[in-house]
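Visitor: I'm passing along model.txt; it holds compact mmCIF, C-alpha atoms.
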# COMPACT_ATOMS: atom_id res chain seq x y z
CA MET A 6 -2.49 7.04 -30.40
CA SER A 7 0.39 4.66 -30.63
CA THR A 8 0.44 1.74 -28.26
CA SER A 9 3.45 -0.09 -27.08
CA THR A 10 3.46 -3.81 -27.62
CA GLN A 11 6.42 -4.32 -25.37
CA SER A 12 5.40 -6.81 -22.72
CA PRO A 13 6.27 -6.33 -19.06
CA THR A 14 8.34 -9.49 -19.25
CA ALA A 15 10.52 -7.95 -21.92
CA ARG A 16 11.14 -4.91 -19.77
CA PRO A 17 10.95 -5.93 -16.15
CA ALA A 18 10.15 -3.04 -13.86
CA SER A 19 12.60 -2.28 -11.12
CA GLN A 20 11.67 -3.21 -7.60
CA GLN A 21 11.77 0.53 -6.89
CA ASP A 22 8.94 1.10 -9.40
CA ILE A 23 6.75 -1.54 -7.82
CA ALA A 24 7.57 -0.32 -4.34
CA LEU A 25 6.53 3.20 -5.39
CA ILE A 26 3.20 1.99 -6.78
CA ASP A 27 2.55 0.00 -3.61
CA LEU A 28 3.55 3.05 -1.58
CA LEU A 29 1.08 5.26 -3.50
CA ASP A 30 -1.69 2.71 -3.08
CA ARG A 31 -1.15 2.73 0.66
CA LEU A 32 -0.41 6.34 1.52
CA LEU A 33 -2.99 7.91 -0.79
CA ALA A 34 -5.83 5.37 -0.60
CA GLY A 35 -5.17 3.61 2.72
CA GLY A 36 -4.29 4.69 6.22
CA VAL A 37 -6.46 5.94 9.01
CA VAL A 38 -8.66 8.87 8.04
CA LEU A 39 -8.88 11.44 10.81
CA ALA A 40 -11.23 14.36 10.54
CA GLY A 41 -8.49 16.77 9.54
CA ASP A 42 -7.89 18.20 6.12
CA ILE A 43 -6.32 16.22 3.33
CA THR A 44 -4.29 18.86 1.59
CA LEU A 45 -2.71 17.60 -1.58
CA ALA A 46 -1.61 18.69 -4.98
CA VAL A 47 -3.81 16.03 -6.54
CA ALA A 48 -2.82 16.85 -10.10
CA ASP A 49 0.55 15.28 -9.44
CA ILE A 50 -0.85 11.87 -8.71
CA ASP A 51 -2.03 10.77 -12.14
CA LEU A 52 1.39 11.27 -13.59
CA VAL A 53 2.86 8.73 -11.25
CA TYR A 54 0.12 6.19 -11.89
CA VAL A 55 0.65 6.14 -15.64
CA GLY A 56 2.04 2.85 -16.79
CA LEU A 57 0.97 0.79 -13.82
CA ARG A 58 0.44 -2.24 -16.03
CA ALA A 59 4.01 -2.08 -17.20
CA LEU A 60 5.30 -2.03 -13.66
CA ILE A 61 4.27 -5.51 -12.69
CA SER A 62 7.39 -7.53 -12.16
CA SER A 63 8.11 -10.91 -10.77
CA VAL A 64 9.58 -11.83 -7.45
CA ALA A 65 12.28 -13.58 -9.43
CA SER A 66 13.25 -10.47 -11.36
CA ALA A 67 13.22 -8.40 -8.19
CA GLU A 68 15.63 -10.85 -6.65
CA ARG A 69 17.82 -10.80 -9.73
CA GLN A 70 18.17 -7.09 -9.16
CA GLY A 71 19.56 -7.84 -5.75
CA VAL A 72 16.58 -6.73 -3.72
CA SER A 73 16.17 -8.87 -0.66
CA LEU A 74 12.55 -9.53 0.07
CA PRO A 75 11.56 -9.95 3.69
CA MET B 10 0.02 23.71 10.89
CA ILE B 11 0.13 20.16 12.26
CA TYR B 12 0.98 17.20 10.05
CA VAL B 13 -0.01 13.74 11.33
CA TYR B 14 1.98 10.59 10.45
CA ALA B 15 0.32 7.93 12.52
CA ILE B 16 -1.64 6.90 15.56
CA CYS B 17 0.31 4.86 18.06
CA GLU B 18 0.40 3.96 21.74
CA PRO B 19 1.17 6.61 24.37
CA GLY B 20 3.63 6.25 27.21
CA ARG B 21 6.84 5.39 25.41
CA PRO B 22 9.51 7.69 23.95
CA LEU B 23 9.94 8.08 20.19
CA PRO B 24 12.94 6.48 18.51
CA ASP B 25 15.98 8.75 18.16
CA GLY B 26 16.42 10.82 15.01
CA CYS B 27 12.78 10.63 14.00
CA GLU B 28 12.57 13.47 11.48
CA GLY B 29 9.46 14.26 9.51
CA LEU B 30 8.57 16.37 6.49
CA ASP B 31 11.03 19.25 5.91
CA ASP B 32 13.23 17.59 8.57
CA ALA B 33 10.87 18.79 11.30
CA PRO B 34 11.10 16.86 14.58
CA VAL B 35 8.31 14.34 15.22
CA ALA B 36 6.46 14.65 18.51
CA LEU B 37 3.63 12.81 20.27
CA LEU B 38 0.30 14.24 21.31
CA GLU B 39 -0.80 11.77 23.95
CA HIS B 40 -4.18 10.72 25.19
CA GLU B 41 -4.96 7.98 27.64
CA ARG B 42 -5.16 5.16 25.08
CA VAL B 43 -3.81 6.62 21.84
CA ALA B 44 -1.22 9.14 20.68
CA ALA B 45 -0.72 11.05 17.44
CA ALA B 46 2.78 11.26 15.97
CA HIS B 47 3.00 14.65 14.30
CA SER B 48 5.23 17.55 13.37
CA VAL B 49 4.56 21.29 13.58
CA HIS B 50 5.09 23.56 10.56
CA SER B 51 4.71 27.27 10.00
CA THR B 52 4.25 26.56 6.29
CA LEU B 53 3.96 23.23 4.55
CA GLU B 54 3.43 22.58 0.87
CA LEU B 55 2.33 19.00 0.44
CA ARG B 56 2.94 17.30 -2.85
CA ALA B 57 2.25 13.67 -3.63
CA GLU B 58 5.80 13.08 -4.81
CA PRO B 59 8.23 10.30 -3.96
CA GLY B 60 10.37 12.44 -1.60
CA PRO B 61 7.64 13.47 0.88
CA LEU B 62 5.82 10.14 0.48
CA TRP B 63 8.88 8.15 1.45
CA ARG B 64 9.60 10.54 4.31
CA HIS B 65 6.09 9.96 5.69
CA GLU B 66 6.65 6.23 5.27
CA ARG B 67 10.05 6.38 7.00
CA VAL B 68 8.56 8.05 10.06
CA VAL B 69 5.86 5.37 10.16
CA GLN B 70 8.48 2.63 9.86
CA ARG B 71 10.47 4.08 12.78
CA LEU B 72 7.30 4.24 14.87
CA MET B 73 6.71 0.54 14.22
CA GLU B 74 9.88 -0.16 16.22
CA ARG B 75 8.11 0.92 19.40
CA GLY B 76 4.74 -0.80 19.06
CA PRO B 77 1.57 -1.06 16.97
CA VAL B 78 0.90 1.77 14.52
CA LEU B 79 -2.07 2.95 12.50
CA PRO B 80 -0.52 4.98 9.69
CA ALA B 81 -2.43 8.13 8.73
CA ARG B 82 -3.40 8.80 5.15
CA PHE B 83 -0.80 11.00 3.48
CA GLY B 84 -1.74 14.68 3.69
CA THR B 85 -3.59 14.65 7.01
CA THR B 86 -3.23 18.12 8.54
CA PHE B 87 -4.80 20.18 11.30
CA ASP B 88 -4.76 23.90 11.92
CA ASP B 89 -3.34 23.58 15.39
CA GLU B 90 -2.78 21.25 18.31
CA ARG B 91 -6.20 21.98 19.79
CA ALA B 92 -7.96 20.80 16.63
CA LEU B 93 -5.95 17.57 16.57
CA ASP B 94 -6.54 17.08 20.28
CA SER B 95 -10.30 17.25 19.97
CA VAL B 96 -10.39 14.85 16.97
CA LEU B 97 -8.13 12.44 18.83
CA ALA B 98 -10.46 12.48 21.84
CA ASP B 99 -13.46 11.72 19.63
CA ALA B 100 -11.71 9.00 17.64
CA ALA B 101 -9.98 7.22 20.54
CA PRO B 102 -12.81 4.66 21.05
CA ARG B 103 -12.40 3.45 17.47
CA LEU B 104 -8.61 3.85 17.23
CA ALA B 105 -7.63 1.96 20.38
CA PRO B 106 -9.25 -1.36 19.29
CA ALA B 107 -7.86 -0.85 15.78
CA LEU B 108 -4.36 -0.62 17.28
CA GLU B 109 -4.98 -3.92 19.05
CA ARG B 110 -6.08 -5.59 15.81
CA VAL B 111 -2.76 -4.85 14.11
CA ARG B 112 -0.48 -5.55 17.08
CA GLY B 113 2.45 -7.77 16.10
CA CYS B 114 1.48 -7.71 12.43
CA VAL B 115 2.85 -6.13 9.28
CA GLU B 116 1.28 -5.62 5.87
CA LEU B 117 2.49 -7.27 2.69
CA ALA B 118 1.42 -6.17 -0.78
CA VAL B 119 0.96 -8.87 -3.41
CA ARG B 120 0.25 -8.35 -7.10
CA VAL B 121 -0.53 -11.16 -9.48
CA GLY B 122 -0.78 -10.31 -13.15
CA ARG B 123 -1.13 -11.99 -16.48
CA PRO B 124 1.05 -10.53 -19.24
CA SER B 125 -1.21 -8.85 -21.78
CA GLU B 126 -1.80 -10.36 -25.23
CA GLN B 127 0.17 -8.93 -28.08
CA ASP B 128 -2.99 -7.64 -29.73
CA ASP B 129 -6.03 -7.47 -27.54
CA ARG B 130 -7.57 -4.40 -29.15
CA PRO B 131 -11.32 -4.92 -29.56
CA ARG B 132 -12.92 -5.01 -33.02
CA ASP B 133 -16.16 -3.40 -31.85
CA GLY B 134 -18.22 -2.62 -28.78
CA ARG B 135 -19.65 -6.09 -28.38
CA ASP B 136 -16.19 -7.58 -28.75
CA TYR B 137 -14.89 -5.15 -26.12
CA LEU B 138 -17.55 -6.11 -23.58
CA ARG B 139 -17.08 -9.82 -24.21
CA ALA B 140 -13.33 -9.50 -23.76
CA LYS B 141 -13.77 -7.47 -20.59
CA LEU B 142 -16.08 -10.10 -19.11
CA GLU B 143 -13.65 -12.83 -20.06
CA ARG B 144 -10.75 -11.03 -18.41
CA ALA B 145 -12.75 -10.52 -15.22
CA ARG B 146 -13.68 -14.23 -15.16
CA GLU B 147 -10.11 -15.24 -15.76
CA ARG B 148 -8.92 -12.93 -13.01
CA GLU B 149 -11.28 -14.52 -10.53
CA SER B 150 -10.16 -18.00 -11.47
CA ILE B 151 -6.52 -16.99 -11.10
CA ALA B 152 -7.28 -15.35 -7.75
CA GLU B 153 -9.07 -18.45 -6.51
CA ARG B 154 -6.24 -20.79 -7.24
CA THR B 155 -3.32 -18.52 -6.30
CA LEU B 156 -4.38 -16.48 -3.29
CA ALA B 157 -5.88 -19.22 -1.11
CA PRO B 158 -2.58 -20.37 0.44
CA LEU B 159 -1.68 -16.75 1.24
CA ASN B 160 -5.05 -16.13 2.87
CA ARG B 161 -4.42 -19.07 5.19
CA LEU B 162 -1.21 -17.53 6.54
CA ALA B 163 -2.64 -14.05 7.11
CA ALA B 164 -4.63 -12.61 9.98
CA ASP B 165 -6.64 -10.55 7.50
CA ALA B 166 -6.70 -9.81 3.77
CA ARG B 167 -8.10 -7.11 1.52
CA ARG B 168 -8.37 -7.03 -2.24
CA ARG B 169 -8.32 -3.81 -4.16
CA ASP B 170 -7.77 -4.61 -7.81
CA PRO B 171 -6.78 -1.72 -10.06
CA LEU B 172 -9.89 -0.40 -11.78
CA HIS B 173 -8.22 0.24 -15.09
CA ASP B 174 -6.57 -3.13 -15.51
CA ALA B 175 -8.69 -6.26 -15.45
CA ALA B 176 -5.60 -8.46 -15.66
CA VAL B 177 -4.07 -7.53 -12.32
CA ILE B 178 -4.98 -8.79 -8.88
CA SER B 179 -3.83 -6.61 -6.03
CA ALA B 180 -4.13 -7.85 -2.47
CA SER B 181 -2.93 -6.70 0.93
CA TYR B 182 -2.23 -9.12 3.76
CA LEU B 183 -2.00 -8.50 7.45
CA VAL B 184 0.66 -10.99 8.48
CA PRO B 185 1.80 -11.84 12.02
CA GLU B 186 5.53 -11.22 12.19
CA GLY B 187 6.13 -14.85 13.09
CA GLN B 188 4.56 -15.92 9.76
CA LEU B 189 6.58 -13.54 7.60
CA VAL B 190 9.13 -16.08 6.41
CA ARG B 191 6.49 -18.68 5.59
CA PHE B 192 4.44 -16.09 3.78
CA THR B 193 7.28 -14.97 1.52
CA GLU B 194 8.20 -18.61 0.87
CA GLU B 195 4.60 -19.14 -0.22
CA VAL B 196 4.84 -16.15 -2.57
CA ARG B 197 7.99 -17.59 -4.14
CA ALA B 198 6.28 -20.96 -4.55
CA LEU B 199 3.35 -19.19 -6.18
CA GLN B 200 5.68 -17.71 -8.78
CA ARG B 201 7.51 -21.02 -9.30
CA HIS B 202 4.30 -22.96 -9.88
CA ASN B 203 2.71 -20.34 -12.12
CA ASP B 204 5.23 -19.48 -14.78
CA GLU B 205 2.66 -17.68 -16.90
CA LEU B 206 1.88 -15.17 -14.13
CA GLU B 207 3.89 -12.29 -12.81
CA VAL B 208 3.97 -12.08 -9.06
CA SER B 209 5.33 -9.27 -6.96
CA CYS B 210 5.49 -8.84 -3.22
CA THR B 211 6.60 -5.75 -1.33
CA GLY B 212 6.80 -5.01 2.36
CA PRO B 213 6.76 -5.23 5.22
CA TRP B 214 4.57 -2.11 5.31
CA ALA B 215 2.71 -0.56 8.19
CA PRO B 216 -0.91 -1.76 8.15
CA TYR B 217 -2.20 0.98 5.80
CA SER B 218 -4.90 -1.26 4.35
CA PHE B 219 -6.11 -2.37 7.77
CA ALA B 220 -6.14 0.93 9.62
CA GLU B 221 -9.87 1.39 9.08
CA GLU B 222 -12.56 -1.20 9.69
CA ASP B 223 -13.50 -1.20 6.03
CA SER B 224 -11.10 0.89 3.99
Here is the file; what I need is its structure written in the form of structure tokens.

Guide:
Amino acid sequence: MSTSTQSPTARPASQQDIALIDLLDRLLAGGVVLAGDITLAVADIDLVYVGLRALISSVASAERQGVSLP
Amino acid sequence: MIYVYAICEPGRPLPDGCEGLDDAPVALLEHERVAAAHSVHSTLELRAEPGPLWRHERVVQRLMERGPVLPARFGTTFDDERALDSVLADAAPRLAPALERVRGCVELAVRVGRPSEQDDRPRDGRDYLRAKLERARERESIAERTLAPLNRLAADARRRDPLHDAAVISASYLVPEGQLVRFTEEVRALQRHNDELEVSCTGPWAPYSFAEEDS
């Protein structure tokens, strides 16, 4: 298996990437659990989680991309 | 089929143009103390993909305009209104106080990470375990010195570090809206004072990480 040595700093993730990871963390693992059914195509999830480590960015780089933080 | 977005307070109309999955209109099923924001579907194929996830989130965001919200986990469905109604009746005693706990607050997501070494591949098993222990220790020391000022500004905090990456700290904060500016200033200061770390902050989110007593 080949591994990438590119550091996250060299390739800053977009704020959209981080927002998506944070969204997944919340919608799929958080939230109130009612007694209904959780009906999901679970196989899709792993694909989106791949590369989480590479998606860490800095507040500074997010701001450089013109994303206004609250 | 009924899809549930969130639990909120009864007795107030929904914001205009509140459209859910497949553009279905969002409605409220109201009880005395709590209501369920939901949409009705003849068929619904749920996929954990950005489109439907963001749509769920957008409905939740709109609901936050009208009062406290406990967002539902993505994919919560019921066969029909009667099934939802009976669950809502049973859960009301736990949901109503939970709504109070998050009133006036939003959630912010903070990640603090250390860029990985160029070559941190282990030589052998013992080396791997030693390195893993070291990373966990380092993470705790980073967490101790970086997260304390954020904890002070928040009403509540939860940590859920990614299992597969010992170098990343992931925390959620329940922040009173009045503290939002101070909190984000603190996050910026955290990045300024810790050049070697990578800090990210997203939000404001609905209180997904604080919807259950111990989620």

Visitor: When distances are computed from all atoms listed in the file, which of B:Val68, B:Leu55, B:Ala145, B:Val35 shows the smallest separation from chain A?

Guide: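 Going through B:Val68, B:Leu55, B:Ala145, B:Val35 one by one, the smallest distance to chain A is for B:Leu55.
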
Visitor: Can you work out which one of B:Ala215, B:His65, B:Thr155, B:Glu90 has the shortest atom-to-atom distance to B:Arg201, counting only C-alpha atoms?

Guide: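 For B:Arg201, the nearest of the given residues is B:Thr155.
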
Visitor: What does the structure give for the distance between atom CA of B:Leu93 and atom CA of B:Gly212, in Å to one decimal?

Guide: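 Atom CA of B:Leu93 sits 29.6 Å away from atom CA of B:Gly212.
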
Visitor: When you draw a straight line from atom CA of B:Ser218 to atom CA of B:Ala166, how long is it in Å?

Guide: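 About the pair atom CA of B:Ser218 and atom CA of B:Ala166: they are 8.8 Å apart.
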
Visitor: Report as a list of chain:residue names all protein, DNA and RNA residues lying within 6 Å of stretch 114-124 of chain B, evaluated on only C-alpha atoms, omitting residues in the same chain fewer than 2 positions from it.

Guide: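 Skipping anything fewer than 2 positions along the chain leaves B:Val111, B:Arg112, B:Ala176, B:Val177, B:Ile178, B:Ser179, B:Ala180, B:Ser181, B:Tyr182, B:Leu183, B:Val184, B:Pro185, B:Glu186, B:Leu206, B:Glu207, B:Val208, B:Ser209, B:Cys210, B:Thr211, B:Gly212, B:Pro213, B:Trp214, B:Ala215, B:Pro216.
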
Visitor: For chain B, which residues have at least one atom within 6 Å of chain A, if we go by all atoms listed in the file? Write them as a short mmCIF file (atom, residue, chain, number, x, y, z; two decimals) with C-alpha atoms, in the coordinates of the input, please.

Guide:
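File result-v5.cif, as written:
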data_model
loop_
_atom_site.label_atom_id
_atom_site.label_comp_id
_atom_site.auth_asym_id
_atom_site.auth_seq_id
_atom_site.Cartn_x
_atom_site.Cartn_y
_atom_site.Cartn_z
CA LEU B 55 2.33 19.00 0.44
CA ARG B 56 2.94 17.30 -2.85
CA PRO B 80 -0.52 4.98 9.69
CA ALA B 81 -2.43 8.13 8.73
CA ARG B 82 -3.40 8.80 5.15
CA PHE B 83 -0.80 11.00 3.48
CA GLY B 84 -1.74 14.68 3.69
CA THR B 85 -3.59 14.65 7.01
CA THR B 86 -3.23 18.12 8.54
CA PHE B 87 -4.80 20.18 11.30
CA GLU B 207 3.89 -12.29 -12.81
CA VAL B 208 3.97 -12.08 -9.06
CA SER B 209 5.33 -9.27 -6.96
CA TYR B 217 -2.20 0.98 5.80
CA SER B 218 -4.90 -1.26 4.35
CA ALA B 220 -6.14 0.93 9.62
CA GLU B 221 -9.87 1.39 9.08
#

Visitor: So the first atom is atom CA of A:Ile26 and the second is atom CA of B:Gly26; what is the distance between them in Å, to one decimal place?

Guide: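 Between atom CA of A:Ile26 and atom CA of B:Gly26 the gap is 27.0 Å.
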
Visitor: Hey, which of B:Leu142, B:Val69, B:Leu37, B:Leu104 ends up closest to B:Ile11? Count all atoms listed in the file.

Guide: B:Leu37

Visitor: So that I can check the surroundings of B:Leu72, please list as a PyMOL selection string every protein, DNA and RNA residue that reaches within 10 Å of it, counting only C-alpha atoms and ignoring chain neighbours fewer than 3 positions away.

Guide: chain B and resi 14-18+22-24+27+46+66-69+75-80+215

Visitor: For stretch 177-195 of chain B of the structure just presented, write N, CA and C atoms to a file, as a compact mmCIF listing (two decimals), in the first residue's frame.

Guide:
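The file below, selection.txt, is the result:
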# COMPACT_ATOMS: atom_id res chain seq x y z
N VAL B 177 -5.74 13.65 16.88
CA VAL B 177 -6.77 14.67 16.74
C VAL B 177 -7.70 14.69 17.95
N ILE B 178 -7.92 15.89 18.46
CA ILE B 178 -8.88 16.11 19.53
C ILE B 178 -10.14 16.68 18.89
N SER B 179 -11.27 16.12 19.23
CA SER B 179 -12.51 16.63 18.68
C SER B 179 -13.48 16.90 19.82
N ALA B 180 -13.89 18.15 19.94
CA ALA B 180 -14.75 18.52 21.06
C ALA B 180 -15.96 19.30 20.56
N SER B 181 -17.06 19.15 21.27
CA SER B 181 -18.27 19.92 20.97
C SER B 181 -18.59 20.79 22.17
N TYR B 182 -18.99 22.02 21.91
CA TYR B 182 -19.30 22.96 22.98
C TYR B 182 -20.71 23.47 22.85
N LEU B 183 -21.41 23.50 23.95
CA LEU B 183 -22.72 24.12 24.01
C LEU B 183 -22.49 25.55 24.49
N VAL B 184 -22.70 26.50 23.61
CA VAL B 184 -22.31 27.88 23.91
C VAL B 184 -23.54 28.79 23.92
N PRO B 185 -23.74 29.53 25.01
CA PRO B 185 -24.83 30.52 25.03
C PRO B 185 -24.60 31.55 23.91
N GLU B 186 -25.67 31.91 23.22
CA GLU B 186 -25.50 32.78 22.07
C GLU B 186 -24.74 34.07 22.40
N GLY B 187 -24.93 34.55 23.61
CA GLY B 187 -24.24 35.77 24.03
C GLY B 187 -22.72 35.59 24.14
N GLN B 188 -22.25 34.36 24.22
CA GLN B 188 -20.81 34.10 24.37
C GLN B 188 -20.14 33.73 23.05
N LEU B 189 -20.93 33.73 21.97
CA LEU B 189 -20.45 33.22 20.69
C LEU B 189 -19.22 33.98 20.19
N VAL B 190 -19.27 35.30 20.28
CA VAL B 190 -18.17 36.11 19.77
C VAL B 190 -16.90 35.85 20.60
N ARG B 191 -17.07 35.84 21.91
CA ARG B 191 -15.91 35.57 22.77
C ARG B 191 -15.33 34.20 22.51
N PHE B 192 -16.21 33.24 22.29
CA PHE B 192 -15.75 31.88 22.06
C PHE B 192 -14.91 31.79 20.78
N THR B 193 -15.39 32.39 19.71
CA THR B 193 -14.64 32.31 18.45
C THR B 193 -13.34 33.12 18.53
N GLU B 194 -13.37 34.20 19.31
CA GLU B 194 -12.11 34.94 19.54
C GLU B 194 -11.11 34.04 20.26
N GLU B 195 -11.61 33.28 21.21
CA GLU B 195 -10.75 32.37 21.98
C GLU B 195 -10.16 31.29 21.06
